[in-house]
file my_file15.pdb (PDB, C-alpha atoms, pLDDT in the B column)
ATOM      1  CA  MET L   1     -45.797  16.658  19.970  1.00 46.00           C
ATOM      2  CA  SER L   2     -46.579  14.110  17.266  1.00 50.00           C
ATOM      3  CA  ALA L   3     -45.962  11.192  19.626  1.00 57.00           C
ATOM      4  CA  ILE L   4     -48.610  12.401  22.061  1.00 58.00           C
ATOM      5  CA  PRO L   5     -51.661  11.418  19.951  1.00 58.00           C
ATOM      6  CA  ASP L   6     -50.147   7.910  19.675  1.00 62.00           C
ATOM      7  CA  TYR L   7     -49.610   7.967  23.433  1.00 59.00           C
ATOM      8  CA  ILE L   8     -53.231   9.006  23.956  1.00 58.00           C
ATOM      9  CA  THR L   9     -54.560   6.309  21.667  1.00 58.00           C
ATOM     10  CA  SER L  10     -52.409   3.589  23.196  1.00 62.00           C
ATOM     11  CA  HIS L  11     -52.961   4.510  26.863  1.00 62.00           C
ATOM     12  CA  PHE L  12     -56.469   5.932  26.925  1.00 61.00           C
ATOM     13  CA  ARG L  13     -57.859   3.989  23.973  1.00 63.00           C
ATOM     14  CA  ARG L  14     -59.469   7.271  22.866  1.00 62.00           C
ATOM     15  CA  SER L  15     -58.589   9.960  20.365  1.00 63.00           C
ATOM     16  CA  SER L  16     -56.988  13.223  21.464  1.00 62.00           C
ATOM     17  CA  ARG L  17     -60.320  14.995  20.868  1.00 67.00           C
ATOM     18  CA  ASP L  18     -62.017  12.814  23.486  1.00 69.00           C
ATOM     19  CA  ILE L  19     -59.807  13.588  26.477  1.00 75.00           C
ATOM     20  CA  GLY L  20     -59.933  16.612  28.780  1.00 77.00           C
ATOM     21  CA  GLU L  21     -57.491  19.463  29.206  1.00 80.00           C
ATOM     22  CA  VAL L  22     -56.105  18.010  32.442  1.00 78.00           C
ATOM     23  CA  GLU L  23     -55.316  14.715  30.732  1.00 79.00           C
ATOM     24  CA  LYS L  24     -53.668  16.538  27.820  1.00 79.00           C
ATOM     25  CA  HIS L  25     -51.568  18.555  30.256  1.00 78.00           C
ATOM     26  CA  ILE L  26     -50.504  15.415  32.137  1.00 80.00           C
ATOM     27  CA  LEU L  27     -49.672  13.623  28.881  1.00 79.00           C
ATOM     28  CA  GLU L  28     -47.538  16.568  27.824  1.00 80.00           C
ATOM     29  CA  MET L  29     -45.745  16.551  31.183  1.00 78.00           C
ATOM     30  CA  ALA L  30     -45.228  12.782  31.020  1.00 79.00           C
ATOM     31  CA  HIS L  31     -44.002  12.990  27.433  1.00 75.00           C
ATOM     32  CA  HIS L  32     -41.370  15.558  28.410  1.00 78.00           C
ATOM     33  CA  LYS L  33     -40.502  13.664  31.634  1.00 78.00           C
ATOM     34  CA  LYS L  34     -41.418  16.625  33.863  1.00 77.00           C
ATOM     35  CA  LEU L  35     -42.522  16.438  37.476  1.00 76.00           C
ATOM     36  CA  ILE L  36     -46.060  17.464  38.301  1.00 78.00           C
ATOM     37  CA  SER L  37     -46.179  16.925  42.048  1.00 77.00           C
ATOM     38  CA  THR L  38     -46.134  20.135  44.049  1.00 77.00           C
ATOM     39  CA  ASN L  39     -46.528  21.215  47.640  1.00 81.00           C
ATOM     40  CA  THR L  40     -50.277  21.791  47.674  1.00 81.00           C
ATOM     41  CA  ASN L  41     -50.068  23.948  50.802  1.00 81.00           C
ATOM     42  CA  ASP L  42     -47.754  26.427  49.080  1.00 81.00           C
ATOM     43  CA  ALA L  43     -49.613  26.275  45.773  1.00 80.00           C
ATOM     44  CA  PHE L  44     -52.980  26.907  47.429  1.00 81.00           C
ATOM     45  CA  SER L  45     -51.776  29.535  49.910  1.00 82.00           C
ATOM     46  CA  LYS L  46     -49.976  31.684  47.343  1.00 83.00           C
ATOM     47  CA  ASP L  47     -53.307  32.947  45.956  1.00 82.00           C
ATOM     48  CA  SER L  48     -54.866  33.598  49.388  1.00 86.00           C
ATOM     49  CA  SER L  49     -55.966  37.105  50.288  1.00 88.00           C
ATOM     50  CA  VAL L  50     -55.341  38.687  53.683  1.00 90.00           C
ATOM     51  CA  GLY L  51     -59.026  38.255  54.548  1.00 88.00           C
ATOM     52  CA  GLU L  52     -58.956  34.553  53.705  1.00 87.00           C
ATOM     53  CA  ARG L  53     -55.850  33.970  55.807  1.00 87.00           C
ATOM     54  CA  LEU L  54     -57.430  35.968  58.650  1.00 88.00           C
ATOM     55  CA  ALA L  55     -60.634  33.890  58.421  1.00 87.00           C
ATOM     56  CA  ASP L  56     -58.572  30.687  58.588  1.00 87.00           C
ATOM     57  CA  SER L  57     -56.701  31.966  61.645  1.00 88.00           C
ATOM     58  CA  ILE L  58     -59.895  33.007  63.436  1.00 87.00           C
ATOM     59  CA  ALA L  59     -61.517  29.638  62.683  1.00 87.00           C
ATOM     60  CA  ARG L  60     -58.382  27.816  63.835  1.00 88.00           C
ATOM     61  CA  ILE L  61     -58.326  29.766  67.108  1.00 90.00           C
ATOM     62  CA  GLY L  62     -62.112  29.672  67.637  1.00 85.00           C
ATOM     63  CA  GLY L  63     -62.162  25.912  67.178  1.00 84.00           C
ATOM     64  CA  SER L  64     -59.376  25.152  69.648  1.00 91.00           C
ATOM     65  CA  TRP L  65     -59.595  23.826  73.183  1.00 94.00           C
ATOM     66  CA  GLY L  66     -57.544  26.776  74.362  1.00 94.00           C
ATOM     67  CA  PHE L  67     -60.222  29.189  73.149  1.00 92.00           C
ATOM     68  CA  ILE L  68     -63.067  27.107  74.575  1.00 92.00           C
ATOM     69  CA  ILE L  69     -61.449  26.784  78.002  1.00 96.00           C
ATOM     70  CA  SER L  70     -60.406  30.440  78.156  1.00 95.00           C
ATOM     71  CA  PHE L  71     -63.909  31.525  77.113  1.00 93.00           C
ATOM     72  CA  MET L  72     -65.470  29.313  79.793  1.00 95.00           C
ATOM     73  CA  VAL L  73     -63.121  30.889  82.347  1.00 97.00           C
ATOM     74  CA  PHE L  74     -64.119  34.359  81.089  1.00 95.00           C
ATOM     75  CA  LEU L  75     -67.825  33.503  81.458  1.00 94.00           C
ATOM     76  CA  GLY L  76     -67.243  32.111  84.946  1.00 94.00           C
ATOM     77  CA  VAL L  77     -65.285  35.195  86.026  1.00 94.00           C
ATOM     78  CA  TRP L  78     -67.992  37.469  84.554  1.00 93.00           C
ATOM     79  CA  ALA L  79     -70.702  35.629  86.481  1.00 92.00           C
ATOM     80  CA  VAL L  80     -68.736  35.622  89.754  1.00 92.00           C
ATOM     81  CA  ILE L  81     -67.853  39.316  89.527  1.00 91.00           C
ATOM     82  CA  ASN L  82     -71.429  40.346  88.736  1.00 90.00           C
ATOM     83  CA  THR L  83     -73.126  38.141  91.344  1.00 89.00           C
ATOM     84  CA  ILE L  84     -70.750  37.843  94.291  1.00 87.00           C
ATOM     85  CA  VAL L  85     -68.003  40.508  94.155  1.00 83.00           C
ATOM     86  CA  LEU L  86     -70.173  43.377  92.964  1.00 84.00           C
ATOM     87  CA  ALA L  87     -73.424  42.116  94.509  1.00 80.00           C
ATOM     88  CA  SER L  88     -74.868  45.543  95.177  1.00 82.00           C
ATOM     89  CA  LYS L  89     -73.248  47.535  92.313  1.00 86.00           C
ATOM     90  CA  ALA L  90     -72.896  44.962  89.498  1.00 88.00           C
ATOM     91  CA  PHE L  91     -72.396  46.509  86.067  1.00 88.00           C
ATOM     92  CA  ASP L  92     -74.280  43.556  84.510  1.00 89.00           C
ATOM     93  CA  PRO L  93     -76.552  41.992  87.138  1.00 89.00           C
ATOM     94  CA  TYR L  94     -78.201  38.614  86.715  1.00 87.00           C
ATOM     95  CA  PRO L  95     -79.580  37.598  84.062  1.00 90.00           C
ATOM     96  CA  PHE L  96     -76.478  39.156  82.404  1.00 93.00           C
ATOM     97  CA  VAL L  97     -78.190  41.089  79.608  1.00 94.00           C
ATOM     98  CA  PHE L  98     -74.978  42.879  78.599  1.00 95.00           C
ATOM     99  CA  LEU L  99     -73.101  39.542  78.454  1.00 95.00           C
ATOM    100  CA  ASN L 100     -75.867  38.123  76.242  1.00 96.00           C
ATOM    101  CA  LEU L 101     -75.497  41.110  73.924  1.00 96.00           C
ATOM    102  CA  ILE L 102     -71.740  40.588  73.700  1.00 94.00           C
ATOM    103  CA  LEU L 103     -72.159  36.858  73.061  1.00 94.00           C
ATOM    104  CA  SER L 104     -74.782  37.507  70.356  1.00 96.00           C
ATOM    105  CA  MET L 105     -72.528  40.012  68.591  1.00 95.00           C
ATOM    106  CA  LEU L 106     -69.588  37.612  68.825  1.00 91.00           C
ATOM    107  CA  ALA L 107     -71.679  34.786  67.349  1.00 92.00           C
ATOM    108  CA  ALA L 108     -72.983  37.079  64.601  1.00 94.00           C
ATOM    109  CA  ILE L 109     -69.419  37.911  63.567  1.00 92.00           C
ATOM    110  CA  GLN L 110     -67.815  34.529  64.205  1.00 89.00           C
ATOM    111  CA  ALA L 111     -70.356  32.398  62.293  1.00 90.00           C
ATOM    112  CA  PRO L 112     -69.787  33.955  58.837  1.00 92.00           C
ATOM    113  CA  ILE L 113     -66.027  33.959  59.390  1.00 89.00           C
ATOM    114  CA  ILE L 114     -66.098  30.243  60.206  1.00 89.00           C
ATOM    115  CA  MET L 115     -68.305  29.628  57.147  1.00 91.00           C
ATOM    116  CA  MET L 116     -65.768  31.508  54.994  1.00 91.00           C
ATOM    117  CA  SER L 117     -63.033  29.287  56.363  1.00 89.00           C
ATOM    118  CA  GLN L 118     -65.111  26.153  55.734  1.00 91.00           C
ATOM    119  CA  ASN L 119     -65.755  27.258  52.142  1.00 92.00           C
ATOM    120  CA  ARG L 120     -62.028  27.808  51.722  1.00 90.00           C
ATOM    121  CA  GLN L 121     -61.346  24.364  53.168  1.00 91.00           C
ATOM    122  CA  ALA L 122     -63.793  22.845  50.668  1.00 93.00           C
ATOM    123  CA  THR L 123     -62.012  24.715  47.861  1.00 91.00           C
ATOM    124  CA  ARG L 124     -58.673  23.481  49.228  1.00 91.00           C
ATOM    125  CA  ASP L 125     -59.992  19.897  49.305  1.00 93.00           C
ATOM    126  CA  ARG L 126     -61.062  20.182  45.646  1.00 93.00           C
ATOM    127  CA  PHE L 127     -57.659  21.662  44.755  1.00 90.00           C
ATOM    128  CA  GLU L 128     -55.855  18.808  46.522  1.00 91.00           C
ATOM    129  CA  ALA L 129     -58.134  16.237  44.875  1.00 92.00           C
ATOM    130  CA  GLU L 130     -57.275  17.695  41.449  1.00 90.00           C
ATOM    131  CA  LYS L 131     -53.560  17.547  42.259  1.00 88.00           C
ATOM    132  CA  ASP L 132     -53.934  13.966  43.517  1.00 91.00           C
ATOM    133  CA  TYR L 133     -55.733  13.049  40.292  1.00 89.00           C
ATOM    134  CA  GLU L 134     -52.944  14.583  38.205  1.00 88.00           C
ATOM    135  CA  VAL L 135     -50.223  12.755  40.139  1.00 88.00           C
ATOM    136  CA  ASN L 136     -52.156   9.472  40.044  1.00 89.00           C
ATOM    137  CA  LEU L 137     -52.802   9.807  36.313  1.00 86.00           C
ATOM    138  CA  LYS L 138     -49.149  10.524  35.586  1.00 86.00           C
ATOM    139  CA  SER L 139     -48.100   7.608  37.798  1.00 87.00           C
ATOM    140  CA  GLU L 140     -50.502   5.334  35.968  1.00 86.00           C
ATOM    141  CA  LEU L 141     -49.143   6.492  32.623  1.00 83.00           C
ATOM    142  CA  GLU L 142     -45.590   5.903  33.790  1.00 85.00           C
ATOM    143  CA  VAL L 143     -46.471   2.403  35.002  1.00 87.00           C
ATOM    144  CA  LEU L 144     -48.144   1.643  31.662  1.00 84.00           C
ATOM    145  CA  SER L 145     -45.091   2.964  29.849  1.00 83.00           C
ATOM    146  CA  LEU L 146     -42.819   0.754  31.961  1.00 88.00           C
ATOM    147  CA  HIS L 147     -45.048  -2.241  31.223  1.00 89.00           C
ATOM    148  CA  GLU L 148     -44.743  -1.528  27.506  1.00 88.00           C
ATOM    149  CA  LYS L 149     -40.954  -1.271  27.747  1.00 90.00           C
ATOM    150  CA  ILE L 150     -40.767  -4.527  29.669  1.00 95.00           C
ATOM    151  CA  ASP L 151     -43.111  -6.206  27.185  1.00 92.00           C
ATOM    152  CA  VAL L 152     -40.942  -5.049  24.263  1.00 92.00           C
ATOM    153  CA  LYS L 153     -37.815  -6.321  26.028  1.00 95.00           C
ATOM    154  CA  VAL L 154     -39.423  -9.682  26.845  1.00 95.00           C
ATOM    155  CA  LEU L 155     -40.697 -10.062  23.282  1.00 94.00           C
ATOM    156  CA  ALA L 156     -37.218  -9.278  21.920  1.00 94.00           C
ATOM    157  CA  GLU L 157     -35.680 -11.864  24.239  1.00 94.00           C
ATOM    158  CA  LEU L 158     -38.331 -14.409  23.234  1.00 94.00           C
ATOM    159  CA  ALA L 159     -37.621 -13.738  19.547  1.00 94.00           C
ATOM    160  CA  ALA L 160     -33.873 -14.201  20.166  1.00 94.00           C
ATOM    161  CA  LEU L 161     -34.574 -17.401  22.080  1.00 94.00           C
ATOM    162  CA  ARG L 162     -36.770 -18.709  19.240  1.00 95.00           C
ATOM    163  CA  GLN L 163     -33.978 -17.978  16.769  1.00 94.00           C
ATOM    164  CA  GLU L 164     -31.504 -19.886  18.933  1.00 93.00           C
ATOM    165  CA  ILE L 165     -33.909 -22.817  19.242  1.00 93.00           C
ATOM    166  CA  ALA L 166     -34.500 -22.746  15.479  1.00 92.00           C
ATOM    167  CA  LYS L 167     -30.703 -22.782  14.858  1.00 91.00           C
ATOM    168  CA  LEU L 168     -30.243 -25.687  17.247  1.00 90.00           C
ATOM    169  CA  HIS L 169     -33.153 -27.539  15.687  1.00 88.00           C
ATOM    170  CA  HIS L 170     -31.729 -26.873  12.211  1.00 88.00           C
ATOM    171  CA  ARG L 171     -28.283 -28.169  13.255  1.00 86.00           C
ATOM    172  CA  ARG L 172     -29.805 -31.254  14.792  1.00 85.00           C
ATOM    173  CA  GLU L 173     -31.761 -32.002  11.615  1.00 83.00           C
ATOM    174  CA  SER L 174     -28.755 -31.422   9.365  1.00 81.00           C
ATOM    175  CA  GLY L 175     -26.591 -33.732  11.434  1.00 71.00           C
ATOM    176  CA  ASN L 176     -24.278 -31.059  12.800  1.00 63.00           C
ATOM    177  CA  GLU L 177     -25.420 -31.676  16.305  1.00 58.00           C
ATOM    178  CA  LEU L 178     -23.214 -30.224  19.000  1.00 54.00           C
ATOM    179  CA  PRO L 179     -22.196 -32.523  21.871  1.00 52.00           C
TER
END

call {"tool": "encode", "arguments": {"input": "my_file15.pdb", "output": "structure tokens"}}
result
Amino acid sequence: MSAIPDYITSHFRRSSRDIGEVEKHILEMAHHKKLISTNTNDAFSKDSSVGERLADSIARIGGSWGFIISFMVFLGVWAVINTIVLASKAFDPYPFVFLNLILSMLAAIQAPIIMMSQNRQATRDRFEAEKDYEVNLKSELEVLSLHEKIDVKVLAELAALRQEIAKLHHRRESGNELP
């Protein structure tokens, strides 16, 4: 754990007191070479209640073309039955007051369910954004770490090359020049 404050100072150019909990967690994971990427669908869905999953399903069905087309067919059949087929004994004659009541009740129930699903989607988007941030931060730290390793290797090679040049220069000056 002692290397992590050095890691923080070198990568973030801030002290360990000045970074957030997420950054500390990612630094710890990077320091121990652990993976942080997860399947966000599984991670988010594991804490879902039955009601939340039901709201998502209702919103998914209610917002599909299949539902829209089938509902339009239902409305058309309702209108035809109550105006043409049952012209004299219609159970809901024109202007379809009973149908309006059913549609109003459906809208009164469906609207809050869809809003629940939209709120859940917003929460899911925030959850995924946090996970993306964590993965991006760890990737950035890994890239910085690789840059440091490459820089150290290049500097070591440059130092070795300077020593070789100095040896050759020294031999040339002392008259022990190689052919």

call {"tool": "residues_around", "arguments": {"input": "my_file15.pdb", "residues": "region 53-56 of chain L", "least_positions_apart": "3", "cutoff": "12 Å", "atoms": "all atoms listed in the file", "output": "list in words"}}
result
Phe44, Ser45, Lys46, Asp47, Ser48, Ser49, Val50, Ala59, Arg60, Ile61, Gly62, Gly63, Ile109, Gln110, Ala111, Pro112, Ile113, Ile114, Met115, Met116, Ser117, Gln118, Asn119, Arg120, Gln121 and Arg124 of chain L

call {"tool": "resolve_selection", "arguments": {"input": "my_file15.pdb", "expression": "the PyMOL selection byres ((chain L and resi 94-104) around 8)", "output": "compact mmCIF listing (two decimals) with C-alpha atoms, keeping the file's coordinate frame"}}
result
# COMPACT_ATOMS: atom_id res chain seq x y z
CA ALA L 79 -70.70 35.63 86.48
CA ASN L 82 -71.43 40.35 88.74
CA THR L 83 -73.13 38.14 91.34
CA ASP L 92 -74.28 43.56 84.51
CA PRO L 93 -76.55 41.99 87.14
CA MET L 105 -72.53 40.01 68.59
CA LEU L 106 -69.59 37.61 68.82
CA ALA L 107 -71.68 34.79 67.35
CA ALA L 108 -72.98 37.08 64.60

call {"tool": "residues_around", "arguments": {"input": "my_file15.pdb", "residues": "Glu142 (chain L)", "least_positions_apart": "5", "cutoff": "9 Å", "atoms": "all atoms listed in the file", "output": "number ranges by chain"}}
result
L: 30, 137, 147

call {"tool": "closest_residue", "arguments": {"input": "my_file15.pdb", "among": "L:Lys138, L:Lys89, L:Lys131, L:His169", "to": "Lys34 (chain L)", "atoms": "all atoms listed in the file"}}
result
L:Lys138

call {"tool": "resolve_selection", "arguments": {"input": "my_file15.pdb", "expression": "the PyMOL selection byres ((chain L and resi 29) around 12)", "output": "list in words"}}
result
Met1, Ile4, Val22, Glu23, Lys24, His25, Ile26, Leu27, Glu28, Ala30, His31, His32, Lys33, Lys34, Leu35, Ile36, Ser37, Glu134, Val135, Leu137, Lys138, Ser139, Leu141 and Glu142 of chain L

call {"tool": "write_last_selection", "arguments": {"input": "my_file15.pdb", "atoms": "C-alpha atoms", "output": "mmCIF file, in the frame of the given file"}}
result
data_model
loop_
_atom_site.group_PDB
_atom_site.id
_atom_site.type_symbol
_atom_site.label_atom_id
_atom_site.label_comp_id
_atom_site.auth_asym_id
_atom_site.auth_seq_id
_atom_site.Cartn_x
_atom_site.Cartn_y
_atom_site.Cartn_z
ATOM 1 C CA MET L 1 -45.797 16.658 19.970
ATOM 2 C CA ILE L 4 -48.610 12.401 22.061
ATOM 3 C CA VAL L 22 -56.105 18.010 32.442
ATOM 4 C CA GLU L 23 -55.316 14.715 30.732
ATOM 5 C CA LYS L 24 -53.668 16.538 27.820
ATOM 6 C CA HIS L 25 -51.568 18.555 30.256
ATOM 7 C CA ILE L 26 -50.504 15.415 32.137
ATOM 8 C CA LEU L 27 -49.672 13.623 28.881
ATOM 9 C CA GLU L 28 -47.538 16.568 27.824
ATOM 10 C CA ALA L 30 -45.228 12.782 31.020
ATOM 11 C CA HIS L 31 -44.002 12.990 27.433
ATOM 12 C CA HIS L 32 -41.370 15.558 28.410
ATOM 13 C CA LYS L 33 -40.502 13.664 31.634
ATOM 14 C CA LYS L 34 -41.418 16.625 33.863
ATOM 15 C CA LEU L 35 -42.522 16.438 37.476
ATOM 16 C CA ILE L 36 -46.060 17.464 38.301
ATOM 17 C CA SER L 37 -46.179 16.925 42.048
ATOM 18 C CA GLU L 134 -52.944 14.583 38.205
ATOM 19 C CA VAL L 135 -50.223 12.755 40.139
ATOM 20 C CA LEU L 137 -52.802 9.807 36.313
ATOM 21 C CA LYS L 138 -49.149 10.524 35.586
ATOM 22 C CA SER L 139 -48.100 7.608 37.798
ATOM 23 C CA LEU L 141 -49.143 6.492 32.623
ATOM 24 C CA GLU L 142 -45.590 5.903 33.790
#

call {"tool": "atom_distance", "arguments": {"input": "my_file15.pdb", "atom1": "CA of Ile165 (chain L)", "atom2": "CA of Val152 (chain L)"}}
result
19.8 Å

call {"tool": "atom_distance", "arguments": {"input": "my_file15.pdb", "atom1": "CA of Ile19 (chain L)", "atom2": "CA of Asp125 (chain L)"}}
result
23.7 Å

call {"tool": "atom_distance", "arguments": {"input": "my_file15.pdb", "atom1": "CA of Glu52 (chain L)", "atom2": "CA of Asp132 (chain L)"}}
result
23.5 Å
